[in-house]
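structure.pdb, holding PDB, C-alpha atoms:
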ATOM      1  CA  ASP L  18      -8.501 -98.039-107.019  1.00  0.00           C
ATOM      2  CA  ALA L  19     -11.081 -95.323-107.483  1.00  0.00           C
ATOM      3  CA  LYS L  20      -9.725 -92.295-109.352  1.00  0.00           C
ATOM      4  CA  THR L  21     -10.152 -88.583-108.799  1.00  0.00           C
ATOM      5  CA  THR L  22     -10.335 -85.801-111.375  1.00  0.00           C
ATOM      6  CA  GLN L  23      -9.329 -82.240-110.545  1.00  0.00           C
ATOM      7  CA  PRO L  24      -8.726 -79.152-112.677  1.00  0.00           C
ATOM      8  CA  ASN L  25      -5.041 -78.601-113.379  1.00  0.00           C
ATOM      9  CA  SER L  26      -5.078 -75.043-112.116  1.00  0.00           C
ATOM     10  CA  MET L  27      -7.277 -72.362-110.599  1.00  0.00           C
ATOM     11  CA  GLU L  28      -6.862 -68.708-109.736  1.00  0.00           C
ATOM     12  CA  SER L  29      -8.327 -66.713-106.924  1.00  0.00           C
ATOM     13  CA  ASN L  30      -8.109 -63.222-105.555  1.00  0.00           C
ATOM     14  CA  GLU L  31      -6.855 -62.666-102.050  1.00  0.00           C
ATOM     15  CA  GLU L  32      -9.554 -62.590 -99.353  1.00  0.00           C
ATOM     16  CA  GLU L  33     -12.149 -64.161-101.640  1.00  0.00           C
ATOM     17  CA  PRO L  34     -13.592 -67.654-101.205  1.00  0.00           C
ATOM     18  CA  VAL L  35     -12.195 -70.481-103.305  1.00  0.00           C
ATOM     19  CA  HIS L  36     -14.056 -73.616-104.317  1.00  0.00           C
ATOM     20  CA  LEU L  37     -11.793 -76.455-105.455  1.00  0.00           C
ATOM     21  CA  PRO L  38     -13.744 -79.279-107.122  1.00  0.00           C
ATOM     22  CA  CYS L  39     -12.971 -82.976-107.247  1.00  0.00           C
ATOM     23  CA  ASN L  40     -14.830 -85.662-109.178  1.00  0.00           C
ATOM     24  CA  HIS L  41     -14.701 -89.243-107.978  1.00  0.00           C
ATOM     25  CA  SER L  42     -17.518 -91.024-109.754  1.00  0.00           C
ATOM     26  CA  THR L  43     -16.179 -94.527-108.974  1.00  0.00           C
ATOM     27  CA  ILE L  44     -15.885 -93.972-105.217  1.00  0.00           C
ATOM     28  CA  SER L  45     -16.851 -96.948-103.097  1.00  0.00           C
ATOM     29  CA  GLY L  46     -19.099 -96.744-100.072  1.00  0.00           C
ATOM     30  CA  THR L  47     -16.206 -97.020 -97.617  1.00  0.00           C
ATOM     31  CA  ASP L  48     -13.702 -94.662 -99.276  1.00  0.00           C
ATOM     32  CA  TYR L  49     -12.778 -91.598 -97.268  1.00  0.00           C
ATOM     33  CA  ILE L  50     -12.208 -88.324 -99.117  1.00  0.00           C
ATOM     34  CA  HIS L  51      -8.989 -86.629 -98.052  1.00  0.00           C
ATOM     35  CA  TRP L  52      -7.545 -83.287 -99.080  1.00  0.00           C
ATOM     36  CA  TYR L  53      -3.873 -82.473 -98.728  1.00  0.00           C
ATOM     37  CA  ARG L  54      -1.952 -79.506-100.011  1.00  0.00           C
ATOM     38  CA  GLN L  55       1.674 -78.942-100.886  1.00  0.00           C
ATOM     39  CA  LEU L  56       3.066 -75.484-100.437  1.00  0.00           C
ATOM     40  CA  PRO L  57       6.121 -74.551-102.523  1.00  0.00           C
ATOM     41  CA  SER L  58       9.260 -76.354-101.357  1.00  0.00           C
ATOM     42  CA  GLN L  59       7.402 -78.237 -98.605  1.00  0.00           C
ATOM     43  CA  GLY L  60       5.966 -81.671 -97.997  1.00  0.00           C
ATOM     44  CA  PRO L  61       2.256 -82.346 -98.347  1.00  0.00           C
ATOM     45  CA  GLU L  62       0.151 -81.302 -95.373  1.00  0.00           C
ATOM     46  CA  TYR L  63      -3.257 -82.452 -94.259  1.00  0.00           C
ATOM     47  CA  VAL L  64      -6.181 -80.126 -94.885  1.00  0.00           C
ATOM     48  CA  ILE L  65      -9.397 -82.006 -94.187  1.00  0.00           C
ATOM     49  CA  HIS L  66     -11.172 -85.313 -94.702  1.00  0.00           C
ATOM     50  CA  GLY L  67     -14.672 -86.734 -94.604  1.00  0.00           C
ATOM     51  CA  LEU L  68     -16.808 -89.736 -95.427  1.00  0.00           C
ATOM     52  CA  THR L  69     -20.403 -88.645 -96.065  1.00  0.00           C
ATOM     53  CA  SER L  70     -21.222 -85.470 -94.180  1.00  0.00           C
ATOM     54  CA  ASN L  71     -19.832 -82.003 -94.775  1.00  0.00           C
ATOM     55  CA  VAL L  72     -16.888 -81.163 -92.547  1.00  0.00           C
ATOM     56  CA  ASN L  73     -15.420 -77.943 -91.206  1.00  0.00           C
ATOM     57  CA  ASN L  74     -12.118 -77.220 -89.531  1.00  0.00           C
ATOM     58  CA  ARG L  75      -9.959 -74.186 -88.954  1.00  0.00           C
ATOM     59  CA  MET L  76      -8.359 -74.486 -92.373  1.00  0.00           C
ATOM     60  CA  ALA L  77     -11.253 -75.230 -94.693  1.00  0.00           C
ATOM     61  CA  SER L  78     -14.636 -76.816 -95.302  1.00  0.00           C
ATOM     62  CA  LEU L  79     -15.381 -79.960 -97.237  1.00  0.00           C
ATOM     63  CA  ALA L  80     -18.683 -80.257 -99.051  1.00  0.00           C
ATOM     64  CA  ILE L  81     -19.549 -83.786-100.177  1.00  0.00           C
ATOM     65  CA  ALA L  82     -22.245 -84.382-102.752  1.00  0.00           C
ATOM     66  CA  GLU L  83     -25.174 -86.480-101.645  1.00  0.00           C
ATOM     67  CA  ASP L  84     -24.216 -89.284-104.065  1.00  0.00           C
ATOM     68  CA  ARG L  85     -20.546 -88.888-103.009  1.00  0.00           C
ATOM     69  CA  LYS L  86     -19.429 -88.756-106.644  1.00  0.00           C
ATOM     70  CA  SER L  87     -17.910 -85.344-106.147  1.00  0.00           C
ATOM     71  CA  SER L  88     -16.649 -83.061-103.404  1.00  0.00           C
ATOM     72  CA  THR L  89     -15.528 -79.470-103.031  1.00  0.00           C
ATOM     73  CA  LEU L  90     -12.837 -78.030-100.832  1.00  0.00           C
ATOM     74  CA  ILE L  91     -13.773 -74.541 -99.716  1.00  0.00           C
ATOM     75  CA  LEU L  92     -11.253 -71.991 -98.523  1.00  0.00           C
ATOM     76  CA  HIS L  93     -13.390 -69.245 -97.054  1.00  0.00           C
ATOM     77  CA  ARG L  94     -10.918 -66.374 -97.480  1.00  0.00           C
ATOM     78  CA  ALA L  95      -7.900 -67.145 -99.601  1.00  0.00           C
ATOM     79  CA  THR L  96      -4.591 -65.693 -98.521  1.00  0.00           C
ATOM     80  CA  LEU L  97      -1.304 -65.570-100.392  1.00  0.00           C
ATOM     81  CA  ARG L  98      -0.112 -68.377 -98.127  1.00  0.00           C
ATOM     82  CA  ASP L  99      -2.824 -70.650 -99.542  1.00  0.00           C
ATOM     83  CA  ALA L 100      -1.085 -70.788-102.923  1.00  0.00           C
ATOM     84  CA  ALA L 101      -0.271 -74.472-103.277  1.00  0.00           C
ATOM     85  CA  VAL L 102      -1.079 -77.673-105.108  1.00  0.00           C
ATOM     86  CA  TYR L 103      -4.234 -79.211-103.634  1.00  0.00           C
ATOM     87  CA  TYR L 104      -4.698 -82.957-103.823  1.00  0.00           C
ATOM     88  CA  CYS L 105      -8.003 -84.771-103.533  1.00  0.00           C
ATOM     89  CA  ILE L 106      -7.350 -88.365-102.463  1.00  0.00           C
ATOM     90  CA  LEU L 107      -9.610 -91.340-101.886  1.00  0.00           C
ATOM     91  CA  ARG L 108      -8.514 -93.551 -99.032  1.00  0.00           C
ATOM     92  CA  PRO L 109      -9.950 -97.063 -99.027  1.00  0.00           C
ATOM     93  CA  LEU L 110     -10.968 -98.595 -95.734  1.00  0.00           C
ATOM     94  CA  ILE L 111      -8.002-100.933 -95.933  1.00  0.00           C
ATOM     95  CA  GLY L 112      -4.820 -99.797 -97.607  1.00  0.00           C
ATOM     96  CA  ASN L 113      -1.215 -98.890 -97.000  1.00  0.00           C
ATOM     97  CA  ASP L 114      -0.750 -96.130 -99.519  1.00  0.00           C
ATOM     98  CA  MET L 115      -1.725 -92.519-100.029  1.00  0.00           C
ATOM     99  CA  ARG L 116      -2.101 -92.188-103.811  1.00  0.00           C
ATOM    100  CA  PHE L 117      -1.586 -88.667-105.069  1.00  0.00           C
ATOM    101  CA  GLY L 118      -2.810 -87.500-108.455  1.00  0.00           C
ATOM    102  CA  ALA L 119      -1.677 -84.351-110.227  1.00  0.00           C
ATOM    103  CA  GLY L 120      -3.748 -82.065-108.019  1.00  0.00           C
ATOM    104  CA  THR L 121      -4.922 -78.498-108.640  1.00  0.00           C
ATOM    105  CA  ARG L 122      -2.396 -75.702-108.590  1.00  0.00           C
ATOM    106  CA  LEU L 123      -4.043 -72.733-106.858  1.00  0.00           C
ATOM    107  CA  THR L 124      -2.692 -69.273-107.561  1.00  0.00           C
ATOM    108  CA  VAL L 125      -3.793 -66.454-105.256  1.00  0.00           C
ATOM    109  CA  LYS L 126      -3.524 -62.940-106.630  1.00  0.00           C
ATOM    110  CA  PRO L 127      -3.094 -59.959-104.329  1.00  0.00           C
TER     111      PRO L 127
ATOM    112  CA  GLU O  20       5.560 -80.079 -81.757  1.00  0.00           C
ATOM    113  CA  ALA O  21       4.417 -83.146 -83.696  1.00  0.00           C
ATOM    114  CA  GLN O  22       6.604 -83.500 -86.735  1.00  0.00           C
ATOM    115  CA  VAL O  23       8.486 -85.634 -89.226  1.00  0.00           C
ATOM    116  CA  THR O  24      12.084 -84.576 -89.774  1.00  0.00           C
ATOM    117  CA  GLN O  25      14.422 -85.486 -92.609  1.00  0.00           C
ATOM    118  CA  ASN O  26      18.142 -85.020 -93.031  1.00  0.00           C
ATOM    119  CA  PRO O  27      19.812 -83.803 -95.059  1.00  0.00           C
ATOM    120  CA  ARG O  28      17.449 -81.407 -96.781  1.00  0.00           C
ATOM    121  CA  TYR O  29      19.731 -81.072 -99.795  1.00  0.00           C
ATOM    122  CA  LEU O  30      22.355 -83.472-101.076  1.00  0.00           C
ATOM    123  CA  ILE O  31      24.534 -83.558-104.160  1.00  0.00           C
ATOM    124  CA  THR O  32      26.506 -86.744-104.665  1.00  0.00           C
ATOM    125  CA  VAL O  33      28.163 -88.802-107.371  1.00  0.00           C
ATOM    126  CA  THR O  34      27.154 -92.065-108.961  1.00  0.00           C
ATOM    127  CA  GLY O  35      27.938 -95.099-106.824  1.00  0.00           C
ATOM    128  CA  LYS O  36      28.631 -93.340-103.531  1.00  0.00           C
ATOM    129  CA  LYS O  37      26.441 -94.878-100.840  1.00  0.00           C
ATOM    130  CA  LEU O  38      24.197 -92.485 -98.965  1.00  0.00           C
ATOM    131  CA  THR O  39      21.529 -92.520 -96.278  1.00  0.00           C
ATOM    132  CA  VAL O  40      18.650 -90.110 -95.827  1.00  0.00           C
ATOM    133  CA  THR O  41      17.309 -90.147 -92.305  1.00  0.00           C
ATOM    134  CA  CYS O  42      13.677 -89.800 -91.261  1.00  0.00           C
ATOM    135  CA  SER O  43      12.410 -89.450 -87.727  1.00  0.00           C
ATOM    136  CA  GLN O  44       8.967 -88.884 -86.213  1.00  0.00           C
ATOM    137  CA  ASN O  45       8.049 -87.910 -82.650  1.00  0.00           C
ATOM    138  CA  MET O  46       4.399 -89.013 -82.656  1.00  0.00           C
ATOM    139  CA  ASN O  47       4.862 -92.702 -81.789  1.00  0.00           C
ATOM    140  CA  HIS O  48       3.409 -93.618 -85.172  1.00  0.00           C
ATOM    141  CA  GLU O  49       3.464 -97.244 -86.215  1.00  0.00           C
ATOM    142  CA  TYR O  50       3.487 -96.586 -89.940  1.00  0.00           C
ATOM    143  CA  MET O  51       6.219 -94.862 -91.934  1.00  0.00           C
ATOM    144  CA  SER O  52       6.765 -94.545 -95.649  1.00  0.00           C
ATOM    145  CA  TRP O  53       9.075 -93.059 -98.260  1.00  0.00           C
ATOM    146  CA  TYR O  54       7.936 -91.292-101.433  1.00  0.00           C
ATOM    147  CA  ARG O  55       9.742 -89.732-104.328  1.00  0.00           C
ATOM    148  CA  GLN O  56       8.317 -86.829-106.324  1.00  0.00           C
ATOM    149  CA  ASP O  57       9.240 -86.225-109.939  1.00  0.00           C
ATOM    150  CA  PRO O  58       7.822 -83.707-112.436  1.00  0.00           C
ATOM    151  CA  GLY O  59       4.958 -85.213-114.379  1.00  0.00           C
ATOM    152  CA  LEU O  60       4.959 -88.397-112.285  1.00  0.00           C
ATOM    153  CA  GLY O  61       3.716 -87.057-108.977  1.00  0.00           C
ATOM    154  CA  LEU O  62       4.400 -88.741-105.663  1.00  0.00           C
ATOM    155  CA  ARG O  63       5.219 -92.437-105.791  1.00  0.00           C
ATOM    156  CA  GLN O  64       5.731 -94.747-102.857  1.00  0.00           C
ATOM    157  CA  ILE O  65       9.148 -96.390-102.529  1.00  0.00           C
ATOM    158  CA  TYR O  66       8.929 -98.456 -99.338  1.00  0.00           C
ATOM    159  CA  TYR O  67       6.757 -98.548 -96.273  1.00  0.00           C
ATOM    160  CA  SER O  68       6.899-100.001 -92.785  1.00  0.00           C
ATOM    161  CA  MET O  69       3.928-101.123 -90.741  1.00  0.00           C
ATOM    162  CA  ASN O  70       5.953-101.347 -87.529  1.00  0.00           C
ATOM    163  CA  VAL O  71       9.413-102.109 -86.166  1.00  0.00           C
ATOM    164  CA  GLU O  72      11.210-104.748 -88.243  1.00  0.00           C
ATOM    165  CA  VAL O  73       8.312-104.869 -90.741  1.00  0.00           C
ATOM    166  CA  THR O  74       8.994-103.302 -94.134  1.00  0.00           C
ATOM    167  CA  ASP O  75       7.591-103.819 -97.606  1.00  0.00           C
ATOM    168  CA  LYS O  76       8.035-102.550-101.146  1.00  0.00           C
ATOM    169  CA  GLY O  77       5.959 -99.799-102.621  1.00  0.00           C
ATOM    170  CA  ASP O  78       5.586 -98.963-106.298  1.00  0.00           C
ATOM    171  CA  VAL O  79       9.204 -98.008-107.091  1.00  0.00           C
ATOM    172  CA  PRO O  80      11.578 -99.858-104.724  1.00  0.00           C
ATOM    173  CA  GLU O  81      14.415-100.651-107.153  1.00  0.00           C
ATOM    174  CA  GLY O  82      17.742 -99.192-106.039  1.00  0.00           C
ATOM    175  CA  TYR O  83      16.591 -98.430-102.492  1.00  0.00           C
ATOM    176  CA  LYS O  84      16.811-100.119 -99.112  1.00  0.00           C
ATOM    177  CA  VAL O  85      15.166 -99.269 -95.811  1.00  0.00           C
ATOM    178  CA  SER O  86      15.340-100.448 -92.232  1.00  0.00           C
ATOM    179  CA  ARG O  87      13.106-100.017 -89.194  1.00  0.00           C
ATOM    180  CA  LYS O  88      15.031-100.892 -86.080  1.00  0.00           C
ATOM    181  CA  GLU O  89      13.274 -98.312 -83.900  1.00  0.00           C
ATOM    182  CA  LYS O  90       9.742 -97.038 -84.065  1.00  0.00           C
ATOM    183  CA  ARG O  91      10.719 -93.412 -84.567  1.00  0.00           C
ATOM    184  CA  ASN O  92      13.328 -93.833 -87.338  1.00  0.00           C
ATOM    185  CA  PHE O  93      13.036 -95.030 -90.918  1.00  0.00           C
ATOM    186  CA  PRO O  94      16.202 -94.347 -92.949  1.00  0.00           C
ATOM    187  CA  LEU O  95      16.309 -94.597 -96.730  1.00  0.00           C
ATOM    188  CA  ILE O  96      19.513 -96.111 -98.079  1.00  0.00           C
ATOM    189  CA  LEU O  97      20.869 -95.799-101.604  1.00  0.00           C
ATOM    190  CA  GLU O  98      23.671 -98.357-101.837  1.00  0.00           C
ATOM    191  CA  SER O  99      24.848 -97.266-105.285  1.00  0.00           C
ATOM    192  CA  PRO O 100      23.019 -94.117-106.371  1.00  0.00           C
ATOM    193  CA  SER O 101      22.475 -93.448-110.055  1.00  0.00           C
ATOM    194  CA  PRO O 102      21.400 -90.273-111.876  1.00  0.00           C
ATOM    195  CA  ASN O 103      17.840 -91.589-112.314  1.00  0.00           C
ATOM    196  CA  GLN O 104      17.471 -91.387-108.546  1.00  0.00           C
ATOM    197  CA  THR O 105      17.798 -87.625-108.684  1.00  0.00           C
ATOM    198  CA  SER O 106      14.516 -86.580-107.139  1.00  0.00           C
ATOM    199  CA  LEU O 107      12.688 -84.959-104.230  1.00  0.00           C
ATOM    200  CA  TYR O 108      12.124 -87.431-101.417  1.00  0.00           C
ATOM    201  CA  PHE O 109       9.481 -87.296 -98.700  1.00  0.00           C
ATOM    202  CA  CYS O 110       9.076 -89.366 -95.583  1.00  0.00           C
ATOM    203  CA  ALA O 111       5.589 -89.815 -94.138  1.00  0.00           C
ATOM    204  CA  SER O 112       4.113 -91.305 -90.997  1.00  0.00           C
ATOM    205  CA  SER O 113       0.692 -92.108 -89.604  1.00  0.00           C
ATOM    206  CA  LEU O 114      -0.751 -93.760 -86.578  1.00  0.00           C
ATOM    207  CA  ASN O 115      -2.291 -96.641 -88.479  1.00  0.00           C
ATOM    208  CA  PRO O 116      -2.595 -96.606 -92.277  1.00  0.00           C
ATOM    209  CA  GLY O 117      -5.226 -99.287 -92.213  1.00  0.00           C
ATOM    210  CA  LEU O 118      -7.670 -96.755 -90.829  1.00  0.00           C
ATOM    211  CA  ALA O 119      -8.925 -94.665 -93.735  1.00  0.00           C
ATOM    212  CA  GLY O 120      -9.748 -91.680 -91.544  1.00  0.00           C
ATOM    213  CA  VAL O 121      -6.250 -91.317 -90.117  1.00  0.00           C
ATOM    214  CA  VAL O 122      -4.157 -88.259 -90.926  1.00  0.00           C
ATOM    215  CA  TRP O 123      -0.740 -88.629 -92.527  1.00  0.00           C
ATOM    216  CA  PHE O 124       2.204 -86.384 -91.677  1.00  0.00           C
ATOM    217  CA  PHE O 125       4.943 -85.625 -94.190  1.00  0.00           C
ATOM    218  CA  GLY O 126       8.489 -84.454 -93.734  1.00  0.00           C
ATOM    219  CA  PRO O 127       9.882 -81.309 -95.382  1.00  0.00           C
ATOM    220  CA  GLY O 128      11.620 -83.208 -98.176  1.00  0.00           C
ATOM    221  CA  THR O 129      15.158 -84.050 -99.251  1.00  0.00           C
ATOM    222  CA  ARG O 130      16.312 -82.849-102.638  1.00  0.00           C
ATOM    223  CA  LEU O 131      18.847 -85.328-103.973  1.00  0.00           C
ATOM    224  CA  THR O 132      21.022 -84.800-107.030  1.00  0.00           C
ATOM    225  CA  VAL O 133      23.155 -87.678-108.308  1.00  0.00           C
ATOM    226  CA  LEU O 134      25.827 -86.632-110.809  1.00  0.00           C
TER     227      LEU O 134
END
Target format structure tokens, applied to this file:
Amino acid sequence: DAKTTQPNSMESNEEEPVHLPCNHSTISGTDYIHWYRQLPSQGPEYVIHGLTSNVNNRMASLAIAEDRKSSTLILHRATLRDAAVYYCILRPLIGNDMRFGAGTRLTVKP
Amino acid sequence: EAQVTQNPRYLITVTGKKLTVTCSQNMNHEYMSWYRQDPGLGLRQIYYSMNVEVTDKGDVPEGYKVSRKEKRNFPLILESPSPNQTSLYFCASSLNPGLAGVVWFFGPGTRLTVL
């Protein structure tokens, strides 16, 4: 399985943009890039996903490098509620599992 | 509201006393799965089910049983719990896990302590 590499932790100030990086140099051509987050004392929740093109939704934006070896989750204005562990996950075209790494713990300062 | 529910949310029990953690989803999802989360080890899959009456082992199935008699329910059974099963458990569901673009939904978690 292709692996992802994320920083262990990041800090942001409230109402500022946050860019969370993810490296996945061994990604295959059919792997989807998913982002989930886990708020304190909650289960993981879906944030966004994409294959090749950049994606936007109400929660965040996903910027995918042209060679697909890296991606960046962008929170446009961080709030205190965005403090969570963010997981970058590669989903193969065929597979029954969602493999979580260690993720990036985001701290948002008021 | 589309959701995955788990019960109980917290449970303290003793070694050897059989217990069941229930999981239910209201989205008519075919696929359901159980994970455990431990510090330093992340989330690991215990069992999964592709559809009714179809279950299979994940990465850490020892000491656990599951059943899928109805589409919406996927209980996790610990026949003889041991202290090493003290963990945070999550149930998940998705429409079809074979589709890489499909979103997964997770339950709120069950914190289990086995004394």
- Task: Would you write out, as a ChimeraX atom specification, every residue that the PyMOL selection byres ((chain L and resi 42) around 9) captures in this file?
- Result: /L:19-21,40-41,43-45,84-87
- Which residue gives the smallest distance to chain L among O:Phe124, O:Trp53, O:Tyr66, O:Tyr29, with all atoms listed in the file counted? O:Phe124
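For chain L, the residues close to chain O, meaning within 9 Å and counting only C-alpha atoms, are Thr47, Asp48, Tyr49, Ile50, His51, Ser58, Gln59, Gly60, Pro61, Glu62, Tyr63, Ile65, His66, Gly67, Leu68, Leu107, Arg108, Pro109, Leu110, Ile111, Gly112, Asn113, Asp114, Met115, Arg116, Phe117, Gly118 and Ala119 of chain L.
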- Message: Which residues are near Pro24 of chain L? Cut-off 12 Å, all atoms listed in the file, ignore same chain within fewer than 2 positions. Put them as a PyMOL selection string.
- Response: chain L and resi 21-22+26-28+36-40+89+102-105+118-123
- Task: Quick one: pull the distance between atom CA of Pro102 of chain O and atom CA of Gly35 of chain O, Å, one decimal.
- Result: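 Pair atom CA of Pro102 of chain O / atom CA of Gly35 of chain O returns 9.6 Å.
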Selection under test: the PyMOL selection byres ((chain O and resi 101) around 7); residues as an mmCIF file with C-alpha atoms, in the coordinates of the input:
data_model
loop_
_atom_site.group_PDB
_atom_site.id
_atom_site.type_symbol
_atom_site.label_atom_id
_atom_site.label_comp_id
_atom_site.auth_asym_id
_atom_site.auth_seq_id
_atom_site.Cartn_x
_atom_site.Cartn_y
_atom_site.Cartn_z
ATOM 1 C CA THR O 34 27.154 -92.065 -108.961
ATOM 2 C CA GLY O 35 27.938 -95.099 -106.824
ATOM 3 C CA SER O 99 24.848 -97.266 -105.285
ATOM 4 C CA PRO O 100 23.019 -94.117 -106.371
ATOM 5 C CA PRO O 102 21.400 -90.273 -111.876
ATOM 6 C CA ASN O 103 17.840 -91.589 -112.314
ATOM 7 C CA GLN O 104 17.471 -91.387 -108.546
ATOM 8 C CA VAL O 133 23.155 -87.678 -108.308
#
- Message: As an exercise, work out the distance from atom CA of Thr32 of chain O to atom CA of Leu134 of chain O in Å and give it to one decimal place.
- Response: 6.2 Å
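In this structure, atom CA of Pro27 of chain O sits 23.6 Å away from atom CA of Asp75 of chain O.
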- Which is closer to Gln22 of chain O than all the others in O:Ile65, O:Val79, O:Met46, O:Val73, using all atoms listed in the file? O:Met46
- Message: For the provided coordinates, the residues matched by the PyMOL selection byres ((chain O and resi 83-86) around 6) should be stated as number ranges by chain.
- Response: O: 80-82, 87, 94-97
Expected file: the selected residues, C-alpha atoms, as a PDB file, in the frame of the given file:
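In the end it all went to out05.pdb:
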ATOM      1  CA  PRO O  80      11.578 -99.858-104.724  1.00  0.00           C
ATOM      2  CA  GLU O  81      14.415-100.651-107.153  1.00  0.00           C
ATOM      3  CA  GLY O  82      17.742 -99.192-106.039  1.00  0.00           C
ATOM      4  CA  ARG O  87      13.106-100.017 -89.194  1.00  0.00           C
ATOM      5  CA  PRO O  94      16.202 -94.347 -92.949  1.00  0.00           C
ATOM      6  CA  LEU O  95      16.309 -94.597 -96.730  1.00  0.00           C
ATOM      7  CA  ILE O  96      19.513 -96.111 -98.079  1.00  0.00           C
ATOM      8  CA  LEU O  97      20.869 -95.799-101.604  1.00  0.00           C
TER       9      LEU O  97
END
- Can you pull out every residue within 7 Å of Leu97 of chain L, counting only C-alpha atoms, but drop anything in the same chain fewer than 2 positions away, and send it as a VMD selection string? chain L and resid 31 95 99 to 100 125
- Message: Considering all atoms listed in the file, can you say which of L:Lys126, L:Gln55, L:Ser70, L:Val64 comes closest to Gln56 of chain O?
- Response: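 Smallest separation from Gln56 of chain O among the options: L:Gln55.
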- Task: Choose the residue, out of O:Arg91, O:His48, O:Lys76, O:Arg55, that has the smallest atom-to-atom separation from Ser112 of chain O; count all atoms listed in the file.
- Result: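 When distances to Ser112 of chain O are compared using all atoms listed in the file, the smallest one comes from O:His48.
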- Query: Which residue gives the smallest distance to Trp52 of chain L among L:Thr124, L:Thr96, L:Ser29, L:Ser88, with only C-alpha atoms counted?
  - Reply: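 Of L:Thr124, L:Thr96, L:Ser29, L:Ser88, the one nearest Trp52 of chain L, counting only C-alpha atoms, is L:Ser88.
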Which neighbours of Pro34 of chain L fall inside 6 Å, counting only C-alpha atoms, when residues of the same chain fewer than 3 positions from it are skipped, and could you give them as an mmCIF file with C-alpha atoms, keeping the file's coordinate frame?
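This is the output file result-v2.cif:
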data_model
loop_
_atom_site.group_PDB
_atom_site.id
_atom_site.type_symbol
_atom_site.label_atom_id
_atom_site.label_comp_id
_atom_site.auth_asym_id
_atom_site.auth_seq_id
_atom_site.Cartn_x
_atom_site.Cartn_y
_atom_site.Cartn_z
ATOM 1 C CA LEU L 92 -11.253 -71.991 -98.523
ATOM 2 C CA HIS L 93 -13.390 -69.245 -97.054
ATOM 3 C CA ARG L 94 -10.918 -66.374 -97.480
ATOM 4 C CA ALA L 95 -7.900 -67.145 -99.601
#
N, CA and C atoms restored at segment 88-103 of chain L, emitted as a PDB file, keeping the file's coordinate frame:
ATOM      1  N   SER L  88     -16.803 -83.838-104.636  1.00  0.00           N
ATOM      2  CA  SER L  88     -16.649 -83.061-103.404  1.00  0.00           C
ATOM      3  C   SER L  88     -15.996 -81.738-103.747  1.00  0.00           C
ATOM      4  N   THR L  89     -16.095 -80.797-102.824  1.00  0.00           N
ATOM      5  CA  THR L  89     -15.528 -79.470-103.031  1.00  0.00           C
ATOM      6  C   THR L  89     -14.824 -79.029-101.771  1.00  0.00           C
ATOM      7  N   LEU L  90     -13.576 -78.626-101.938  1.00  0.00           N
ATOM      8  CA  LEU L  90     -12.837 -78.030-100.832  1.00  0.00           C
ATOM      9  C   LEU L  90     -13.075 -76.526-100.886  1.00  0.00           C
ATOM     10  N   ILE L  91     -13.459 -75.964 -99.768  1.00  0.00           N
ATOM     11  CA  ILE L  91     -13.773 -74.541 -99.716  1.00  0.00           C
ATOM     12  C   ILE L  91     -12.800 -73.837 -98.772  1.00  0.00           C
ATOM     13  N   LEU L  92     -12.063 -72.892 -99.339  1.00  0.00           N
ATOM     14  CA  LEU L  92     -11.253 -71.991 -98.523  1.00  0.00           C
ATOM     15  C   LEU L  92     -12.055 -70.711 -98.411  1.00  0.00           C
ATOM     16  N   HIS L  93     -12.408 -70.319 -97.210  1.00  0.00           N
ATOM     17  CA  HIS L  93     -13.390 -69.245 -97.054  1.00  0.00           C
ATOM     18  C   HIS L  93     -12.838 -67.875 -97.399  1.00  0.00           C
ATOM     19  N   ARG L  94     -11.574 -67.635 -97.114  1.00  0.00           N
ATOM     20  CA  ARG L  94     -10.918 -66.374 -97.480  1.00  0.00           C
ATOM     21  C   ARG L  94      -9.484 -66.699 -97.853  1.00  0.00           C
ATOM     22  N   ALA L  95      -9.225 -66.753 -99.152  1.00  0.00           N
ATOM     23  CA  ALA L  95      -7.900 -67.145 -99.601  1.00  0.00           C
ATOM     24  C   ALA L  95      -6.871 -66.086 -99.210  1.00  0.00           C
ATOM     25  N   THR L  96      -5.718 -66.576 -98.777  1.00  0.00           N
ATOM     26  CA  THR L  96      -4.591 -65.693 -98.521  1.00  0.00           C
ATOM     27  C   THR L  96      -3.451 -66.099 -99.448  1.00  0.00           C
ATOM     28  N   LEU L  97      -2.440 -65.255 -99.530  1.00  0.00           N
ATOM     29  CA  LEU L  97      -1.304 -65.570-100.392  1.00  0.00           C
ATOM     30  C   LEU L  97      -0.646 -66.882 -99.962  1.00  0.00           C
ATOM     31  N   ARG L  98      -0.729 -67.177 -98.657  1.00  0.00           N
ATOM     32  CA  ARG L  98      -0.112 -68.377 -98.127  1.00  0.00           C
ATOM     33  C   ARG L  98      -0.846 -69.655 -98.562  1.00  0.00           C
ATOM     34  N   ASP L  99      -2.063 -69.485 -99.081  1.00  0.00           N
ATOM     35  CA  ASP L  99      -2.824 -70.650 -99.542  1.00  0.00           C
ATOM     36  C   ASP L  99      -2.429 -71.104-100.942  1.00  0.00           C
ATOM     37  N   ALA L 100      -1.553 -70.370-101.594  1.00  0.00           N
ATOM     38  CA  ALA L 100      -1.085 -70.788-102.923  1.00  0.00           C
ATOM     39  C   ALA L 100      -0.316 -72.102-102.785  1.00  0.00           C
ATOM     40  N   ALA L 101      -0.829 -73.129-103.455  1.00  0.00           N
ATOM     41  CA  ALA L 101      -0.271 -74.472-103.277  1.00  0.00           C
ATOM     42  C   ALA L 101      -0.894 -75.391-104.310  1.00  0.00           C
ATOM     43  N   VAL L 102      -0.413 -76.625-104.341  1.00  0.00           N
ATOM     44  CA  VAL L 102      -1.079 -77.673-105.108  1.00  0.00           C
ATOM     45  C   VAL L 102      -1.979 -78.436-104.139  1.00  0.00           C
ATOM     46  N   TYR L 103      -3.251 -78.549-104.483  1.00  0.00           N
ATOM     47  CA  TYR L 103      -4.234 -79.211-103.634  1.00  0.00           C
ATOM     48  C   TYR L 103      -4.580 -80.576-104.222  1.00  0.00           C
TER      49      TYR L 103
END
